Amino acid sequence: MIRKIRLGLWAFLLLSLAGSQRLYPQNSSADLVLIHGHILTVDANDSVAEALAIQHGVIVKVGSDAEVLKFAGKSPGLRIIDLRGYTATPGLIDTHAHIAEGGENELYSVQLSNAASIEVILDRVKAKIRQAKPGEWVTGAGWDEGKLAEHRYVTAADLDTVSPNNPVWLEHTTGHYGAANSMALKMARITTATADPEAGTIDRDPQGNATGVLKESAMGLVTQLVPPITLEQMRNGILHIEEVLHSEGMTAVKDPLIDQIQWDAYKSLLDEGKLKERICVLWSAGSSMASAQKALNEINSVRRIPQTYQDRLLSCGVKMFMDGSGGARTGWVYDNWLRNGTTPDMTRAGAPNRGYPRTDPEIYQQMVRLFHENKVTVGTHAVGDRAMDWVVDTYALVEKAHPLRGLRHSIIHANLPTAHALDVIAELQKKYDAGYPEMQAEFLWWIGDNYAGNYGPKRNQNLIPLKAMLRRGILWSGGSDYSVTPVPARYGIWASVARETAKGTYGANPFGIAEAVDIHIALRSYTAWGARQMFLENKIGSLEEGKRADIAVWDRDLYSVPSNQIKDMKCLMTLLDGEVVYHAEGSPLKGSGQ
Ligand SMILES: [Zn+2]
């Protein structure tokens with residue numbers, strides 16, 4: 001309904017513009033101009049312009065109102081959008097967001113990301129069960145014990161009180177663990193006697209009984225039983241999330257862990273003219289040579305970059321996992337994980353918990369070598385400092401043995417780089433155009449209270465060290481890791497500057513602000529630098545002549561407002577290839593043809 005109203009308003013503006021066509025002589029050099037704006041171009045000089053002209057979705061002139069209007073002349077059918085002094089930026093780019101899966105989840109699963117207590121979680125599960133048949137699976141996602149009043153995991157015992165006859169699986173917001181009820185555990189044949197699978201943990205109470213919480217590979221024991229998502233559900237999820245992205249000024253996303261079904265959903269929407277985002281995907285490569293070969297086959301069956309599908313869909317490489325999560329204390333680290341910022345976390349065997357590799361380190365190297373030699377870009381999930389060292393050293397190893405400039409292998413998350421890792425990254429970028437961190441400053445906010453307690457005061461100061469990277473000339477790109485954190489890029493831009501946690505459990509700034517960057521750099525990491533990681537830096541990421549007209553208009557000037565306001569900025573209008581894909585209800589922006 002809301003969408004209809006928006007389109008209706010826009011159609012009205014176009015009609016009123018069409019009425020003035022006869023005033024204009026022939027020879028069009030632009031079909032759309034944006035004037036009276038405060039346009040943050042994010043070009044190399046960070047220039048600010050007043051106006052820009054667009055022809056067939058491409059920016060053809062940037063400058064003052066007078067320059068742009070003179071350039072556009074009085075072309076027939078010229079549309080004019082009066083920005084009325086509002087701020088425009090390049091369309092924002094998220095280089096790590098699981099949008100297909102997340103969008104599908106928002107439509108079909110129980111939403112728990114704003115649940116403040118276990119009681120709320122149980123109420124929502126109960127409501128969903130009322131609509132389900134006995135025995136039908138009920139799934140949900142987004143819970144985080146850091147935000148729950150009880151400050152503990154959801155357990156099978158909790159879930160059994162509302163769901164005795166339906167198997168339940170509730171994924172944690174990080175995606176690295178989740179909670180099953182007893183029926184789901186029974187179906188998965190998990191008992192007290194079941195041993196932990198390799199690279200996974202079955203959480204247990206002091207008596208050794210499975211609590212229902214499963215971490216990393218142990219999740220698969222239950223999730224493999226959940227009926228698969230259909231292509232139609234996936235397509236609906238993508239269409240749903242597209243609307244959300246447009247309403248947040250976001251026009252390009254890297255979807256970093258896809259299988260054939262996501263690709264087919266994206267491709268079919270593209271073929272129908274319904275894909276109104278630029279999507280760059282990383283295929284799931286698994287943790288073995290066999291799964292790597294499968295991913296390679298999938299990649300070989302579609303176009304390789306620099307070839308694209310209309311610059312809207314790109315096959316950008318593979319995703320691999322070196323370790324787990326900072327939230328689940330499964331990231332591979334040199335020093336002990338902590339509980340509540342002080343108490344050392346111990347494994348079941350009584351040893352200090354320092355996480356573990358999720359892929360055998362030697363196999364990981366072989367897999368990277370296979371992809372590199374086949375000229376496939378690798379993105380590796382690495383959270384802990386030990387995992388990061390292994391990943392960057394592996395990249396350096398394969399590049400040295402077989403130098404290939406421009407593959408842009410990336411380090412996904414890169415929470416805790418050592419000084420060594422930063423040195424290697426700086427060199428990889430310079431020598432091979434590789435080794436780019438794809439980072440989530442938003443973690444510091446959304447799961448920051450959880451993180452602060454797990455990493456502890458010593459490591460907290462060096463988490464997501466944007467300033468240290470900037471000092472070394474290292475480029476990175478921003479992202480949300482949605483559904484781990486909310487998808488709007490404005491949160492990550494703000495978090496890059498503010499480094500504040502959501503609840504302040506360990507004080508407002510447990511991470512300090514020494515590693516914060518300013519808003520100019522933060523915006524660049526969600527625009528120009530993001531475009532590089534999508535292999536589209538010549539087409540998007542800044543508002544310059546020759547680039548695609550992907551533009552977001554905002555209700556405030558992010559360069560001049562107090563930084564705490566960046567988080568709340570509202571998008572007024574979004575354009576993709578010069579097409580208005582979002583116009584906020586009640587927006588003050590006006591088209592004007594007079
Ligand atoms: Zn992710």
# chains A, B, ... in the order shown; residues from 1 in each chain; ligands from 1
call {"tool": "residues_around", "arguments": {"residues": "Ile566 (chain A)", "least_positions_apart": "5", "cutoff": "7 Å", "atoms": "only C-alpha atoms", "output": "list in words"}}
result
Arg490, Trp494 and Leu558 of chain A
call {"tool": "select_by_dssp", "arguments": {"residues": "region 215-326 of chain A", "states": "helix (DSSP H, G or I)", "output": "VMD selection string"}}
result
chain A and resid 217 to 223 231 to 246 260 to 271 289 to 300
call {"tool": "write_last_selection", "arguments": {"atoms": "N, CA and C atoms", "output": "compact mmCIF listing (two decimals), in the first residue's frame"}}
result
# COMPACT_ATOMS: atom_id res chain seq x y z
N SER A 217 29.67 -26.24 13.69
CA SER A 217 29.25 -27.39 12.87
C SER A 217 28.17 -28.23 13.56
N ALA A 218 28.06 -28.15 14.87
CA ALA A 218 27.03 -28.94 15.58
C ALA A 218 25.63 -28.49 15.18
N MET A 219 25.49 -27.25 14.71
CA MET A 219 24.18 -26.76 14.29
C MET A 219 23.61 -27.62 13.16
N GLY A 220 24.52 -28.10 12.31
CA GLY A 220 24.11 -28.87 11.14
C GLY A 220 23.32 -30.13 11.50
N LEU A 221 23.57 -30.69 12.70
CA LEU A 221 22.85 -31.90 13.12
C LEU A 221 21.34 -31.64 13.10
N VAL A 222 20.95 -30.41 13.47
CA VAL A 222 19.53 -30.05 13.47
C VAL A 222 19.12 -29.36 12.16
N THR A 223 19.94 -28.42 11.70
CA THR A 223 19.49 -27.61 10.55
C THR A 223 19.33 -28.45 9.28
N LEU A 231 12.37 -21.82 -4.14
CA LEU A 231 12.83 -20.72 -4.99
C LEU A 231 11.89 -19.52 -4.85
N GLU A 232 10.59 -19.80 -4.78
CA GLU A 232 9.61 -18.73 -4.67
C GLU A 232 9.79 -17.95 -3.36
N GLN A 233 10.05 -18.68 -2.27
CA GLN A 233 10.29 -18.00 -0.98
C GLN A 233 11.53 -17.13 -1.06
N MET A 234 12.56 -17.64 -1.72
CA MET A 234 13.81 -16.88 -1.84
C MET A 234 13.58 -15.61 -2.66
N ARG A 235 12.86 -15.74 -3.75
CA ARG A 235 12.55 -14.56 -4.59
C ARG A 235 11.75 -13.54 -3.80
N ASN A 236 10.76 -14.00 -3.06
CA ASN A 236 9.97 -13.08 -2.25
C ASN A 236 10.83 -12.37 -1.20
N GLY A 237 11.74 -13.13 -0.62
CA GLY A 237 12.64 -12.55 0.38
C GLY A 237 13.50 -11.45 -0.23
N ILE A 238 14.01 -11.68 -1.44
CA ILE A 238 14.85 -10.68 -2.10
C ILE A 238 14.02 -9.44 -2.44
N LEU A 239 12.82 -9.64 -2.95
CA LEU A 239 11.96 -8.49 -3.28
C LEU A 239 11.64 -7.68 -2.02
N HIS A 240 11.41 -8.39 -0.93
CA HIS A 240 11.13 -7.71 0.34
C HIS A 240 12.32 -6.87 0.78
N ILE A 241 13.50 -7.48 0.76
CA ILE A 241 14.68 -6.76 1.28
C ILE A 241 15.08 -5.61 0.35
N GLU A 242 14.82 -5.76 -0.94
CA GLU A 242 15.10 -4.66 -1.87
C GLU A 242 14.39 -3.37 -1.43
N GLU A 243 13.14 -3.51 -1.02
CA GLU A 243 12.39 -2.33 -0.58
C GLU A 243 13.03 -1.72 0.66
N VAL A 244 13.46 -2.59 1.57
CA VAL A 244 14.11 -2.08 2.78
C VAL A 244 15.39 -1.34 2.41
N LEU A 245 16.19 -1.93 1.52
CA LEU A 245 17.46 -1.32 1.11
C LEU A 245 17.21 0.04 0.45
N HIS A 246 16.23 0.10 -0.42
CA HIS A 246 15.94 1.37 -1.08
C HIS A 246 15.55 2.44 -0.08
N GLN A 260 23.25 -22.42 -5.12
CA GLN A 260 22.57 -22.31 -6.40
C GLN A 260 21.20 -21.64 -6.29
N ILE A 261 20.46 -21.93 -5.22
CA ILE A 261 19.10 -21.41 -5.12
C ILE A 261 19.08 -19.87 -5.05
N GLN A 262 20.02 -19.29 -4.30
CA GLN A 262 20.08 -17.82 -4.24
C GLN A 262 20.44 -17.25 -5.60
N TRP A 263 21.41 -17.88 -6.26
CA TRP A 263 21.79 -17.41 -7.60
C TRP A 263 20.59 -17.46 -8.54
N ASP A 264 19.89 -18.59 -8.53
CA ASP A 264 18.73 -18.74 -9.42
C ASP A 264 17.67 -17.69 -9.10
N ALA A 265 17.48 -17.39 -7.82
CA ALA A 265 16.48 -16.38 -7.44
C ALA A 265 16.90 -15.00 -7.96
N TYR A 266 18.15 -14.64 -7.74
CA TYR A 266 18.64 -13.34 -8.24
C TYR A 266 18.53 -13.26 -9.76
N LYS A 267 18.99 -14.34 -10.41
CA LYS A 267 19.06 -14.31 -11.87
C LYS A 267 17.65 -14.23 -12.47
N SER A 268 16.71 -14.96 -11.90
CA SER A 268 15.36 -14.94 -12.46
C SER A 268 14.72 -13.57 -12.24
N LEU A 269 15.00 -12.93 -11.10
CA LEU A 269 14.47 -11.58 -10.88
C LEU A 269 15.11 -10.59 -11.87
N LEU A 270 16.40 -10.77 -12.11
CA LEU A 270 17.08 -9.90 -13.08
C LEU A 270 16.44 -10.04 -14.46
N ASP A 271 16.22 -11.28 -14.87
CA ASP A 271 15.64 -11.53 -16.19
C ASP A 271 14.24 -10.93 -16.32
N MET A 289 38.21 -29.99 0.04
CA MET A 289 38.58 -29.87 -1.36
C MET A 289 37.39 -30.25 -2.25
N ALA A 290 36.57 -31.21 -1.78
CA ALA A 290 35.41 -31.62 -2.58
C ALA A 290 34.41 -30.46 -2.69
N SER A 291 34.15 -29.78 -1.57
CA SER A 291 33.19 -28.67 -1.63
C SER A 291 33.78 -27.50 -2.42
N ALA A 292 35.11 -27.36 -2.37
CA ALA A 292 35.76 -26.29 -3.14
C ALA A 292 35.59 -26.56 -4.64
N GLN A 293 35.75 -27.82 -5.01
CA GLN A 293 35.62 -28.18 -6.43
C GLN A 293 34.18 -27.93 -6.91
N LYS A 294 33.20 -28.21 -6.02
CA LYS A 294 31.80 -27.99 -6.36
C LYS A 294 31.56 -26.48 -6.60
N ALA A 295 32.13 -25.65 -5.72
CA ALA A 295 31.97 -24.20 -5.89
C ALA A 295 32.61 -23.74 -7.19
N LEU A 296 33.78 -24.32 -7.50
CA LEU A 296 34.48 -23.95 -8.73
C LEU A 296 33.62 -24.29 -9.95
N ASN A 297 32.96 -25.44 -9.91
CA ASN A 297 32.07 -25.82 -11.02
C ASN A 297 30.92 -24.83 -11.15
N GLU A 298 30.35 -24.42 -10.01
CA GLU A 298 29.24 -23.45 -10.05
C GLU A 298 29.71 -22.14 -10.67
N ILE A 299 30.89 -21.72 -10.25
CA ILE A 299 31.44 -20.46 -10.76
C ILE A 299 31.72 -20.55 -12.26
N ASN A 300 32.21 -21.73 -12.68
CA ASN A 300 32.53 -21.89 -14.10
C ASN A 300 31.30 -21.95 -14.98
call {"tool": "closest_atom_pairs", "arguments": {"of": "chain A", "to": "ligand 1", "cutoff": "9 Å", "atoms": "only C-alpha atoms and all ligand atoms", "output": "JSON lines"}}
result
{"residue": "A:His96", "atom": "CA", "partner": "ligand 1", "partner_atom_place_in_ligand_line": "1 (Zn)", "distance": 6.2}
{"residue": "A:Ala97", "atom": "CA", "partner": "ligand 1", "partner_atom_place_in_ligand_line": "1 (Zn)", "distance": 6.4}
{"residue": "A:His98", "atom": "CA", "partner": "ligand 1", "partner_atom_place_in_ligand_line": "1 (Zn)", "distance": 6.4}
{"residue": "A:Thr174", "atom": "CA", "partner": "ligand 1", "partner_atom_place_in_ligand_line": "1 (Zn)", "distance": 8.1}
{"residue": "A:Gly175", "atom": "CA", "partner": "ligand 1", "partner_atom_place_in_ligand_line": "1 (Zn)", "distance": 8.1}
{"residue": "A:Asp255", "atom": "CA", "partner": "ligand 1", "partner_atom_place_in_ligand_line": "1 (Zn)", "distance": 8.5}
{"residue": "A:Pro256", "atom": "CA", "partner": "ligand 1", "partner_atom_place_in_ligand_line": "1 (Zn)", "distance": 6.5}
{"residue": "A:Leu257", "atom": "CA", "partner": "ligand 1", "partner_atom_place_in_ligand_line": "1 (Zn)", "distance": 7.4}
{"residue": "A:His381", "atom": "CA", "partner": "ligand 1", "partner_atom_place_in_ligand_line": "1 (Zn)", "distance": 7.6}
{"residue": "A:Ile412", "atom": "CA", "partner": "ligand 1", "partner_atom_place_in_ligand_line": "1 (Zn)", "distance": 7.7}
{"residue": "A:His413", "atom": "CA", "partner": "ligand 1", "partner_atom_place_in_ligand_line": "1 (Zn)", "distance": 8.0}
{"residue": "A:Ser480", "atom": "CA", "partner": "ligand 1", "partner_atom_place_in_ligand_line": "1 (Zn)", "distance": 8.4}
{"residue": "A:Asp481", "atom": "CA", "partner": "ligand 1", "partner_atom_place_in_ligand_line": "1 (Zn)", "distance": 4.7}
{"residue": "A:Tyr482", "atom": "CA", "partner": "ligand 1", "partner_atom_place_in_ligand_line": "1 (Zn)", "distance": 7.2}
{"residue": "A:Ser483", "atom": "CA", "partner": "ligand 1", "partner_atom_place_in_ligand_line": "1 (Zn)", "distance": 8.2}
{"residue": "A:Val484", "atom": "CA", "partner": "ligand 1", "partner_atom_place_in_ligand_line": "1 (Zn)", "distance": 7.4}
call {"tool": "write_last_selection", "arguments": {"atoms": "C-alpha atoms", "output": "PDB file, in the first residue's frame"}}
result
ATOM      1  CA  HIS A  96      28.809  -8.090   3.552  1.00  0.00           C
ATOM      2  CA  ALA A  97      25.097  -8.683   4.063  1.00  0.00           C
ATOM      3  CA  HIS A  98      23.219 -11.962   3.791  1.00  0.00           C
ATOM      4  CA  THR A 174      25.520 -14.197  14.767  1.00  0.00           C
ATOM      5  CA  GLY A 175      24.454 -17.341  12.882  1.00  0.00           C
ATOM      6  CA  ASP A 255      25.766 -11.307  -0.578  1.00  0.00           C
ATOM      7  CA  PRO A 256      28.536 -13.435   0.817  1.00  0.00           C
ATOM      8  CA  LEU A 257      27.446 -17.047   1.180  1.00  0.00           C
ATOM      9  CA  HIS A 381      35.721 -15.199   7.326  1.00  0.00           C
ATOM     10  CA  ILE A 412      35.775 -10.884   6.135  1.00  0.00           C
ATOM     11  CA  HIS A 413      35.153  -9.332   9.592  1.00  0.00           C
ATOM     12  CA  SER A 480      26.440  -4.991   8.325  1.00  0.00           C
ATOM     13  CA  ASP A 481      26.704  -8.776   8.143  1.00  0.00           C
ATOM     14  CA  TYR A 482      22.891  -8.530   8.209  1.00  0.00           C
ATOM     15  CA  SER A 483      21.076 -10.427   9.806  1.00  0.00           C
ATOM     16  CA  VAL A 484      23.820 -10.344  12.440  1.00  0.00           C
TER      17      VAL A 484
END
call {"tool": "closest_atom_pairs", "arguments": {"of": "region 252-291 of chain A", "to": "region 320-338 of chain A", "cutoff": "7 Å", "atoms": "only C-alpha atoms", "output": "CSV"}}
result
residue,atom,partner,partner_atom,distance
A:Ser284,CA,A:Met320,CA,6.8
A:Ala285,CA,A:Met320,CA,5.7
A:Gly286,CA,A:Met320,CA,6.3
call {"tool": "write_last_selection", "arguments": {"atoms": "N, CA and C atoms", "output": "compact mmCIF listing (two decimals), in the first residue's frame"}}
result
# COMPACT_ATOMS: atom_id res chain seq x y z
N SER A 284 29.39 -20.28 -1.63
CA SER A 284 29.84 -21.03 -0.47
C SER A 284 30.82 -22.12 -0.91
N ALA A 285 32.03 -22.10 -0.34
CA ALA A 285 33.06 -23.05 -0.77
C ALA A 285 33.24 -24.20 0.21
N GLY A 286 32.51 -24.16 1.34
CA GLY A 286 32.62 -25.24 2.32
C GLY A 286 33.99 -25.33 2.95
call {"tool": "atom_distance", "arguments": {"atom1": "CA of Asp311 (chain A)", "atom2": "CA of Arg79 (chain A)"}}
result
24.5 Å
call {"tool": "closest_residue", "arguments": {"among": "A:Glu515, A:Glu427, A:Glu136, A:Glu171", "to": "Ile474 (chain A)", "atoms": "only C-alpha atoms"}}
result
A:Glu427
call {"tool": "select_by_dssp", "arguments": {"residues": "region 153-363 of chain A", "states": "strand (DSSP E or B)", "output": "ChimeraX atom specification"}}
result
/A:168-172,177-180,200-204,210-216,250-258,278-284,309,313-321,338-339,343-344,346,352
